[in-house]
$ cat coords-v3.csv   # CSV, C-alpha atoms (C1' of nucleotides)
chain,number,residue,atom,x,y,z
A,1,MET,CA,-11.2,0.1,4.3
A,2,GLY,CA,-11.3,-3.6,3.8
A,3,THR,CA,-12.1,-5.8,6.7
A,4,ASP,CA,-11.0,-5.4,10.3
A,5,ILE,CA,-10.0,-9.0,11.1
A,6,GLY,CA,-6.3,-8.1,11.7
A,7,GLU,CA,-6.4,-8.8,15.4
A,8,LEU,CA,-7.3,-12.4,14.8
A,9,LEU,CA,-4.3,-13.0,12.5
A,10,LYS,CA,-0.8,-14.1,13.4
A,11,LYS,CA,1.9,-12.0,11.7
A,12,GLN,CA,5.5,-12.8,11.4
A,13,GLN,CA,8.0,-9.9,11.3
A,14,VAL,CA,10.7,-10.4,8.7
A,15,GLU,CA,13.7,-8.5,7.3
A,16,ILE,CA,13.2,-7.1,3.9
A,17,SER,CA,16.2,-9.3,2.8
A,18,GLU,CA,14.1,-12.4,3.5
A,19,LEU,CA,11.9,-11.4,0.6
A,20,SER,CA,14.8,-11.4,-1.9
A,21,HIS,CA,13.9,-13.2,-5.2
A,22,LYS,CA,10.3,-13.2,-4.3
A,23,VAL,CA,7.6,-12.0,-6.7
A,24,VAL,CA,5.3,-9.6,-4.9
A,25,ALA,CA,1.9,-8.8,-6.4
A,26,VAL,CA,1.3,-5.2,-5.2
A,27,ASP,CA,-2.2,-4.1,-4.6
A,28,ALA,CA,-1.8,-0.9,-6.6
A,29,TYR,CA,-4.8,1.0,-5.2
A,30,ASN,CA,-3.7,0.3,-1.7
A,31,THR,CA,-0.2,1.4,-2.3
A,32,LEU,CA,-1.0,4.5,-4.3
A,33,TYR,CA,-3.5,5.6,-1.7
A,34,GLN,CA,-0.8,5.2,0.9
A,35,PHE,CA,1.6,7.3,-1.1
A,36,LEU,CA,-0.9,10.0,-1.7
A,37,SER,CA,-1.9,10.2,1.9
A,38,ILE,CA,1.6,10.2,3.4
A,39,ILE,CA,3.9,11.9,0.9
A,40,ARG,CA,2.9,15.5,1.6
A,41,GLN,CA,4.4,18.8,2.5
A,42,ARG,CA,4.1,20.0,6.0
A,43,ASP,CA,1.0,21.9,5.5
A,44,GLY,CA,-0.7,18.8,4.1
A,45,THR,CA,-0.5,19.7,0.4
A,46,PRO,CA,0.6,16.7,-1.7
A,47,LEU,CA,3.6,17.1,-4.0
A,48,LYS,CA,2.7,18.8,-7.2
A,49,ASP,CA,4.3,19.7,-10.4
A,50,SER,CA,4.2,23.3,-11.8
A,51,ARG,CA,1.0,22.5,-13.6
A,52,GLY,CA,-0.7,21.5,-10.4
A,53,ASN,CA,-0.7,17.7,-11.1
A,54,ILE,CA,-0.2,15.6,-8.0
A,55,THR,CA,3.1,13.7,-8.0
A,56,SER,CA,3.3,12.1,-4.6
A,57,HIS,CA,2.7,8.6,-6.0
A,58,LEU,CA,5.4,9.0,-8.6
A,59,SER,CA,7.9,9.8,-6.0
A,60,GLY,CA,6.8,6.9,-3.9
A,61,ILE,CA,6.9,4.4,-6.8
A,62,LEU,CA,10.3,5.6,-8.0
A,63,TYR,CA,12.1,5.4,-4.7
A,64,ARG,CA,10.3,2.5,-3.0
A,65,MET,CA,10.3,0.2,-6.0
A,66,THR,CA,14.0,1.0,-6.7
A,67,SER,CA,14.9,0.1,-3.2
A,68,LEU,CA,12.8,-3.1,-3.2
A,69,MET,CA,14.2,-4.2,-6.4
A,70,GLU,CA,17.7,-3.6,-5.1
A,71,GLU,CA,16.8,-6.1,-2.4
A,72,GLY,CA,16.0,-8.5,-5.2
A,73,ILE,CA,12.3,-8.3,-4.9
A,74,LYS,CA,10.3,-8.5,-8.1
A,75,PRO,CA,7.2,-6.3,-7.9
A,76,VAL,CA,4.2,-6.5,-10.1
A,77,PHE,CA,1.4,-4.0,-9.8
A,78,VAL,CA,-2.2,-5.1,-9.9
A,79,PHE,CA,-4.7,-2.4,-10.7
A,80,ASP,CA,-8.4,-2.5,-9.9
A,81,GLY,CA,-10.9,-3.1,-12.6
A,82,LYS,CA,-14.7,-2.6,-12.4
A,83,PRO,CA,-15.9,-2.9,-8.8
A,84,SER,CA,-18.7,-5.1,-7.9
A,85,HIS,CA,-22.1,-3.4,-7.7
A,86,LEU,CA,-22.1,-4.7,-4.1
A,87,LYS,CA,-19.3,-2.2,-3.4
A,88,ALA,CA,-21.4,0.8,-4.4
A,89,ARG,CA,-22.3,1.9,-0.9
A,90,THR,CA,-18.7,1.8,0.3
A,91,ILE,CA,-17.6,3.8,-2.7
A,92,GLU,CA,-20.3,6.4,-2.1
A,93,LYS,CA,-19.2,6.6,1.5
A,94,ARG,CA,-15.6,7.1,0.6
A,95,THR,CA,-16.5,9.8,-1.8
A,96,ALA,CA,-18.6,11.5,0.8
A,97,ASP,CA,-15.9,11.2,3.5
A,98,ARG,CA,-13.4,12.6,1.1
A,99,GLU,CA,-15.5,15.6,0.3
A,100,LYS,CA,-16.2,16.3,4.0
A,101,ALA,CA,-12.4,16.0,4.6
A,102,THR,CA,-11.6,18.4,1.8
A,103,ILE,CA,-14.0,21.0,3.4
A,104,LYS,CA,-12.6,20.5,6.8
A,105,TRP,CA,-9.1,20.7,5.5
A,106,GLU,CA,-9.9,24.2,4.2
A,107,GLU,CA,-11.5,25.2,7.4
A,108,ALA,CA,-8.6,24.0,9.5
A,109,LYS,CA,-6.2,25.8,7.2
A,110,SER,CA,-8.0,29.0,7.6
A,111,LYS,CA,-8.1,28.7,11.3
A,112,GLY,CA,-4.4,27.9,11.4
A,113,LEU,CA,-4.9,24.5,12.9
A,114,ALA,CA,-1.9,22.8,11.3
A,115,GLU,CA,-2.2,19.3,12.7
A,116,GLU,CA,-5.9,19.1,12.0
A,117,ALA,CA,-5.3,20.4,8.5
A,118,TYR,CA,-2.8,17.8,7.8
A,119,MET,CA,-5.1,15.0,9.0
A,120,TYR,CA,-8.0,16.2,6.8
A,121,ALA,CA,-5.6,16.7,3.9
A,122,GLN,CA,-4.6,13.0,4.2
A,123,ALA,CA,-8.2,11.9,4.4
A,124,SER,CA,-9.0,13.8,1.2
A,125,SER,CA,-6.6,11.7,-0.8
A,126,ARG,CA,-8.1,10.2,-4.0
A,127,VAL,CA,-6.7,7.8,-6.4
A,128,THR,CA,-7.8,9.4,-9.7
A,129,HIS,CA,-7.8,8.0,-13.2
A,130,GLU,CA,-4.9,10.3,-14.0
A,131,ILE,CA,-2.9,9.1,-11.0
A,132,VAL,CA,-3.4,5.5,-12.1
A,133,GLU,CA,-2.4,6.4,-15.7
A,134,ASP,CA,0.7,8.2,-14.6
A,135,SER,CA,1.7,5.3,-12.3
A,136,ARG,CA,1.4,2.9,-15.2
A,137,LYS,CA,3.6,5.1,-17.4
A,138,LEU,CA,6.3,5.2,-14.7
A,139,LEU,CA,6.1,1.5,-14.1
A,140,VAL,CA,6.5,0.7,-17.8
A,141,ALA,CA,9.5,3.0,-18.0
A,142,MET,CA,11.0,1.3,-14.9
A,143,GLY,CA,10.5,-2.1,-16.4
A,144,ILE,CA,8.0,-3.2,-13.8
A,145,PRO,CA,5.1,-5.2,-15.0
A,146,TRP,CA,1.5,-4.5,-14.1
A,147,VAL,CA,-1.8,-6.4,-14.5
A,148,ASP,CA,-5.3,-5.1,-14.9
A,149,ALA,CA,-7.7,-7.0,-12.7
A,150,PRO,CA,-11.2,-7.6,-14.1
A,151,SER,CA,-12.6,-6.5,-10.8
A,152,GLU,CA,-10.8,-6.2,-7.4
A,153,GLY,CA,-7.0,-5.8,-7.5
A,154,GLU,CA,-6.7,-7.8,-4.3
A,155,SER,CA,-8.6,-10.8,-5.7
A,156,GLN,CA,-6.5,-10.8,-8.8
A,157,ALA,CA,-3.3,-10.5,-6.8
A,158,ALA,CA,-4.5,-13.4,-4.6
A,159,HIS,CA,-5.2,-15.4,-7.7
A,160,MET,CA,-1.7,-14.8,-9.0
A,161,VAL,CA,-0.3,-16.2,-5.7
A,162,LYS,CA,-2.7,-19.2,-5.9
A,163,ARG,CA,-1.4,-19.9,-9.4
A,164,GLY,CA,2.2,-19.7,-8.2
A,165,ASP,CA,3.0,-16.6,-10.4
A,166,ALA,CA,3.6,-14.5,-7.3
A,167,ASN,CA,4.8,-15.4,-3.8
A,168,TYR,CA,3.1,-12.7,-1.9
A,169,VAL,CA,0.3,-10.1,-2.1
A,170,ALA,CA,1.5,-6.8,-0.8
A,171,SER,CA,-1.3,-4.8,0.9
A,172,GLN,CA,-2.1,-3.2,4.2
A,173,ASP,CA,-5.6,-4.7,4.0
A,174,TYR,CA,-6.6,-8.2,4.9
A,175,ASP,CA,-8.9,-8.8,2.0
A,176,SER,CA,-6.5,-10.8,-0.1
A,177,LEU,CA,-6.6,-13.5,2.6
A,178,LEU,CA,-10.3,-13.6,2.2
A,179,PHE,CA,-9.7,-14.0,-1.5
A,180,GLY,CA,-7.5,-17.0,-0.7
A,181,ALA,CA,-4.0,-15.6,-1.0
A,182,SER,CA,-1.8,-18.0,0.9
A,183,PHE,CA,0.9,-15.4,1.7
A,184,VAL,CA,0.4,-11.7,2.3
A,185,VAL,CA,3.0,-9.1,3.3
A,186,ARG,CA,2.2,-5.9,5.0
A,187,ASN,CA,4.5,-2.9,5.6
A,188,LEU,CA,6.5,-3.6,2.6
A,189,THR,CA,8.8,-0.5,3.0
A,190,ILE,CA,12.4,0.2,3.3
A,191,THR,CA,12.9,2.7,6.1
A,192,GLY,CA,10.5,0.9,8.4
A,193,LYS,CA,9.1,4.2,9.8
A,194,ARG,CA,5.4,4.7,10.1
A,195,LYS,CA,3.6,7.7,11.4
A,196,LEU,CA,1.1,6.9,14.0
A,197,PRO,CA,-2.4,8.1,13.2
A,198,LYS,CA,-3.0,11.6,14.4
A,199,LYS,CA,0.1,11.8,16.5
A,200,ASN,CA,3.3,13.2,15.2
A,201,ILE,CA,5.2,10.1,16.4
A,202,PHE,CA,7.0,7.6,14.2
A,203,VAL,CA,7.4,4.0,15.1
A,204,ASP,CA,9.6,1.3,13.6
A,205,VAL,CA,7.7,-1.1,11.5
A,206,LYS,CA,9.1,-4.2,9.7
A,207,PRO,CA,7.5,-6.1,6.9
A,208,GLU,CA,5.2,-8.7,8.4
A,209,ILE,CA,4.0,-11.9,6.7
A,210,MET,CA,0.7,-13.5,7.2
A,211,GLU,CA,0.2,-17.1,6.1
A,212,LEU,CA,-3.3,-18.1,5.4
A,213,GLY,CA,-3.1,-21.8,6.1
A,214,GLU,CA,-1.3,-21.3,9.4
A,215,ASN,CA,-3.8,-18.8,10.5
A,216,LEU,CA,-6.8,-21.0,9.6
A,217,ALA,CA,-5.2,-23.9,11.5
A,218,GLU,CA,-4.5,-21.7,14.5
A,219,LEU,CA,-8.1,-20.4,14.5
A,220,GLU,CA,-9.5,-23.9,13.8
A,221,ILE,CA,-11.6,-22.6,11.0
A,222,ASP,CA,-11.7,-23.0,7.2
A,223,GLN,CA,-11.5,-20.5,4.5
A,224,SER,CA,-15.3,-20.2,4.2
A,225,GLN,CA,-15.6,-19.5,7.9
A,226,LEU,CA,-12.9,-16.8,7.7
A,227,ILE,CA,-15.0,-15.1,5.1
A,228,GLU,CA,-18.1,-15.5,7.3
A,229,ILE,CA,-16.2,-13.9,10.2
A,230,ALA,CA,-15.3,-11.0,7.9
A,231,LEU,CA,-19.0,-10.7,6.9
A,232,CYS,CA,-20.0,-10.4,10.5
A,233,VAL,CA,-17.4,-7.7,11.1
A,234,GLY,CA,-18.1,-5.9,7.9
A,235,THR,CA,-16.5,-5.8,4.5
A,236,ASP,CA,-16.4,-3.4,1.6
A,237,TYR,CA,-19.6,-5.2,0.4
A,238,ASN,CA,-21.6,-5.2,3.6
A,239,ARG,CA,-22.2,-3.5,6.9
A,240,GLY,CA,-21.0,-5.5,9.8
A,241,LEU,CA,-23.3,-6.8,12.5
A,242,GLU,CA,-24.1,-4.6,15.4
A,243,LYS,CA,-21.9,-5.0,18.4
A,244,ILE,CA,-19.9,-7.8,16.8
A,245,GLY,CA,-16.2,-7.4,16.5
A,246,PRO,CA,-13.6,-9.9,15.2
A,247,LYS,CA,-13.2,-11.8,18.5
A,248,LYS,CA,-16.9,-12.2,19.0
A,249,ALA,CA,-17.4,-13.1,15.3
A,250,LEU,CA,-14.8,-15.8,15.6
A,251,LYS,CA,-16.5,-17.2,18.7
A,252,LEU,CA,-19.9,-17.2,17.1
A,253,ILE,CA,-18.9,-18.8,13.9
A,254,LYS,CA,-17.1,-21.5,15.7
A,255,GLU,CA,-20.0,-22.0,18.0
A,256,HIS,CA,-22.7,-22.1,15.4
A,257,ARG,CA,-20.6,-23.5,12.6
A,258,SER,CA,-22.3,-21.3,9.9
A,259,ILE,CA,-23.2,-17.7,9.4
A,260,GLU,CA,-26.8,-18.5,8.8
A,261,LYS,CA,-27.1,-19.9,12.3
A,262,VAL,CA,-25.1,-16.9,13.8
A,263,LEU,CA,-27.5,-14.5,12.1
A,264,GLN,CA,-30.4,-16.4,13.6
A,265,ALA,CA,-28.8,-16.4,17.0
A,266,VAL,CA,-28.1,-12.7,17.1
A,267,GLY,CA,-31.3,-11.8,15.3
A,268,GLN,CA,-29.7,-9.8,12.6
A,269,ASN,CA,-29.5,-10.0,8.8
A,270,ILE,CA,-26.8,-9.5,6.1
A,271,GLU,CA,-28.1,-8.4,2.7
A,272,ASP,CA,-26.9,-10.3,-0.3
A,273,LEU,CA,-25.1,-12.7,1.9
A,274,GLN,CA,-24.6,-15.5,-0.6
A,275,GLU,CA,-23.6,-13.2,-3.3
A,276,ILE,CA,-20.9,-11.6,-1.2
A,277,LYS,CA,-19.6,-14.9,0.0
A,278,ASP,CA,-19.4,-16.1,-3.6
A,279,LEU,CA,-17.6,-12.9,-4.5
A,280,PHE,CA,-14.8,-13.9,-2.0
A,281,LEU,CA,-14.8,-17.6,-2.9
A,282,ASN,CA,-15.1,-17.2,-6.7
A,283,PRO,CA,-13.9,-13.7,-7.6
A,284,SER,CA,-13.7,-12.5,-11.1
A,285,VAL,CA,-10.0,-12.9,-12.1
A,286,THR,CA,-8.0,-13.4,-15.2
A,287,ASP,CA,-5.1,-15.6,-16.4
A,288,ASN,CA,-4.4,-13.3,-19.2
A,289,TYR,CA,-1.2,-11.7,-18.2
A,290,THR,CA,2.5,-12.1,-18.6
A,291,LEU,CA,5.0,-11.0,-16.0
A,292,LYS,CA,8.2,-9.7,-17.4
A,293,TRP,CA,10.7,-7.5,-15.7
A,294,LYS,CA,12.7,-5.4,-18.1
A,295,LYS,CA,15.6,-3.1,-18.0
A,296,PRO,CA,14.7,0.4,-17.0
A,297,ASP,CA,14.3,3.0,-19.8
A,298,THR,CA,16.3,5.8,-18.2
A,299,ASP,CA,15.5,8.3,-21.0
A,300,ALA,CA,11.8,7.6,-20.6
A,301,ILE,CA,11.9,7.9,-16.9
A,302,VAL,CA,13.8,11.2,-17.0
A,303,GLU,CA,11.5,12.5,-19.8
A,304,PHE,CA,8.4,11.6,-17.9
A,305,LEU,CA,9.4,12.7,-14.4
A,306,CYS,CA,11.7,15.7,-15.1
A,307,GLN,CA,10.2,17.2,-18.3
A,308,GLY,CA,6.7,16.0,-17.6
A,309,HIS,CA,6.5,16.5,-13.8
A,310,ASP,CA,9.3,18.8,-12.7
A,311,PHE,CA,11.3,16.2,-10.8
A,312,SER,CA,14.9,17.1,-10.1
A,313,LYS,CA,17.0,15.6,-12.9
A,314,GLU,CA,19.9,15.0,-10.5
A,315,ARG,CA,17.8,12.9,-8.2
A,316,VAL,CA,16.0,11.0,-10.8
A,317,ILE,CA,19.2,10.1,-12.6
A,318,LYS,CA,20.6,8.8,-9.4
A,319,ALA,CA,17.6,6.5,-9.0
A,320,CYS,CA,17.9,5.4,-12.6
A,321,GLU,CA,21.5,4.5,-12.0
A,322,ARG,CA,20.5,2.3,-9.1
A,323,LEU,CA,17.8,0.7,-11.3
A,324,GLU,CA,20.3,0.1,-14.1
A,325,LYS,CA,22.7,-1.5,-11.7
A,326,ILE,CA,20.1,-4.1,-10.6
A,327,SER,CA,19.7,-5.6,-14.1
A,328,GLY,CA,23.1,-4.6,-15.3
A,329,PRO,CA,26.3,-6.6,-15.9
A,330,GLY,CA,28.0,-8.2,-12.9
A,331,GLN,CA,24.7,-8.7,-11.1
A,332,ARG,CA,24.4,-12.2,-9.8
A,333,THR,CA,20.6,-12.0,-10.0
A,334,LEU,CA,20.7,-11.2,-13.8
A,335,ASP,CA,19.2,-14.5,-15.0
A,336,GLN,CA,16.5,-14.2,-12.3
A,337,TRP,CA,15.3,-11.0,-13.9
A,338,PHE,CA,14.9,-11.8,-17.5
B,1,DT,C1',27.7,7.5,11.7
B,2,DC,C1',23.6,9.2,13.7
B,3,DC,C1',20.0,12.0,14.2
B,4,DA,C1',16.5,15.7,13.1
B,5,DC,C1',14.8,18.3,9.8
B,6,DT,C1',13.8,19.8,5.1
B,7,DC,C1',12.5,19.0,0.3
B,8,DC,C1',10.3,16.6,-3.2
C,1,DG,C1',7.9,7.7,2.1
C,2,DG,C1',12.3,8.3,1.0
C,3,DA,C1',16.4,11.2,-0.4
C,4,DG,C1',19.4,14.9,0.9
C,5,DT,C1',21.5,17.9,4.2
C,6,DG,C1',23.9,19.6,8.0
C,7,DG,C1',25.0,19.6,12.8
C,8,DA,C1',26.5,16.6,16.8
C,9,DC,C1',29.3,13.2,18.3
$ encode --input "coords-v3.csv" --output "structure tokens"
Amino acid sequence: MGTDIGELLKKQQVEISELSHKVVAVDAYNTLYQFLSIIRQRDGTPLKDSRGNITSHLSGILYRMTSLMEEGIKPVFVFDGKPSHLKARTIEKRTADREKATIKWEEAKSKGLAEEAYMYAQASSRVTHEIVEDSRKLLVAMGIPWVDAPSEGESQAAHMVKRGDANYVASQDYDSLLFGASFVVRNLTITGKRKLPKKNIFVDVKPEIMELGENLAELEIDQSQLIEIALCVGTDYNRGLEKIGPKKALKLIKEHRSIEKVLQAVGQNIEDLQEIKDLFLNPSVTDNYTLKWKKPDTDAIVEFLCQGHDFSKERVIKACERLEKISGPGQRTLDQWF
DNA sequence: TCCACTCC
DNA sequence: GGAGTGGAC
């Protein structure tokens, strides 16, 4: 997913408290996908209510956003709009991969291969329309704003950082840097535990910040060249060049100064090159949004999660009390919130 | 208070 | 992922 240029980028580990009072534009798709793939029962089944609706994302949103907001972070969710036609191949591939994984999940389950089953269960995660709608409902009840991107959520989130309406884009992907976000935060979690892929081992992770300008300076390239490197490696809009990874792409772009010359040199081609480059440089975004953090509507949260989705009332109310306290009287950050 | 482990 | 629990210290 996204572009694999991570190893070129300098990241700075920070404490969550360092993000206090910052507005963070959360890449909704990325975050929801993360919740769906990770918040699961031991056999790999996602959390579900009694009617069979998936609820993993709701649990993730409720608890993580509550914790982040307790730290003084102001999240805004940015949802994907209509994807570019250039993304069609990637979307088809994701669908196919998901379908394969779903079949393999069943197979592994019937063979009693628990670990394998879990892995395929994760890979079968899908951010459905219903999951997006439910997430929006919960966000509204929690008083967290959200924005609909005309196209990519990541580009809209990057745009909001460029405009100064947000301080960071939160995403595990690197694409928002390609879209020109000057600050991106990864691993925006509380516990700081992350399961290693495949293995049943957990490692400590801290939020890490990437600064676009600093990275460009370090790599001695400009924004356009960073995009060209990504194009060489492969993005959601194009297949990467054969036998070219991020290190080699960087070297080639610096050496030849432009991707056209790189393509000549390696004797390969990238379809729709200019169009994709333009998509990163001039993405479709909107200024038509207002960011307003409101007091949580505890009744609505309880109604939605407990009556609607069988959450434990006791636990939900506890989370609501934490939320109310954030915006409540005696809170120093009160004026920062409204 | 710190974990491992379970439940959601 | 994050909350809750219970045993170990």
$ closest_residue --input "coords-v3.csv" --among "A:Arg126, A:Arg315, A:His21, A:Lys48" --to "C:DG2" --atoms "only C-alpha atoms (C1' of nucleotides)"
A:Arg315
$ interface_residues --input "coords-v3.csv" --of "chain A" --to "chain C" --cutoff "8 Å" --atoms "only C-alpha atoms (C1' of nucleotides)" --output "PDB file with C-alpha atoms, keeping the file's coordinate frame"
ATOM      1  CA  PHE A  35       1.600   7.300  -1.100  1.00  0.00           C
ATOM      2  CA  ILE A  38       1.600  10.200   3.400  1.00  0.00           C
ATOM      3  CA  ILE A  39       3.900  11.900   0.900  1.00  0.00           C
ATOM      4  CA  GLY A  60       6.800   6.900  -3.900  1.00  0.00           C
ATOM      5  CA  TYR A  63      12.100   5.400  -4.700  1.00  0.00           C
ATOM      6  CA  ARG A  64      10.300   2.500  -3.000  1.00  0.00           C
ATOM      7  CA  THR A 191      12.900   2.700   6.100  1.00  0.00           C
TER       8      THR A 191
END
$ interface_residues --input "coords-v3.csv" --of "chain A" --to "chain B" --cutoff "8 Å" --atoms "only C-alpha atoms (C1' of nucleotides)" --output "compact mmCIF listing (two decimals) with C-alpha atoms, in the coordinates of the input"
# COMPACT_ATOMS: atom_id res chain seq x y z
CA LEU A 47 3.60 17.10 -4.00
CA SER A 59 7.90 9.80 -6.00
CA PHE A 311 11.30 16.20 -10.80
$ residues_around --input "coords-v3.csv" --residues "A:Asp297" --least-positions-apart "5" --cutoff "12 Å" --atoms "only C-alpha atoms (C1' of nucleotides)" --output "PyMOL selection string"
chain A and resi 137-144+302-304+317+319-321+323-324+327
$ atom_distance --input "coords-v3.csv" --atom1 "atom CA of A:Phe179" --atom2 "atom CA of A:Ala230"
11.3 Å
$ atom_distance --input "coords-v3.csv" --atom1 "atom CA of A:Lys109" --atom2 "atom CA of A:Gly44"
9.4 Å
$ atom_distance --input "coords-v3.csv" --atom1 "atom CA of A:Pro207" --atom2 "atom CA of A:Val23"
14.8 Å
$ residues_around --input "coords-v3.csv" --residues "stretch 29-33 of chain A" --least-positions-apart "6" --cutoff "8 Å" --atoms "all atoms listed in the file" --output "count of residues only"
10
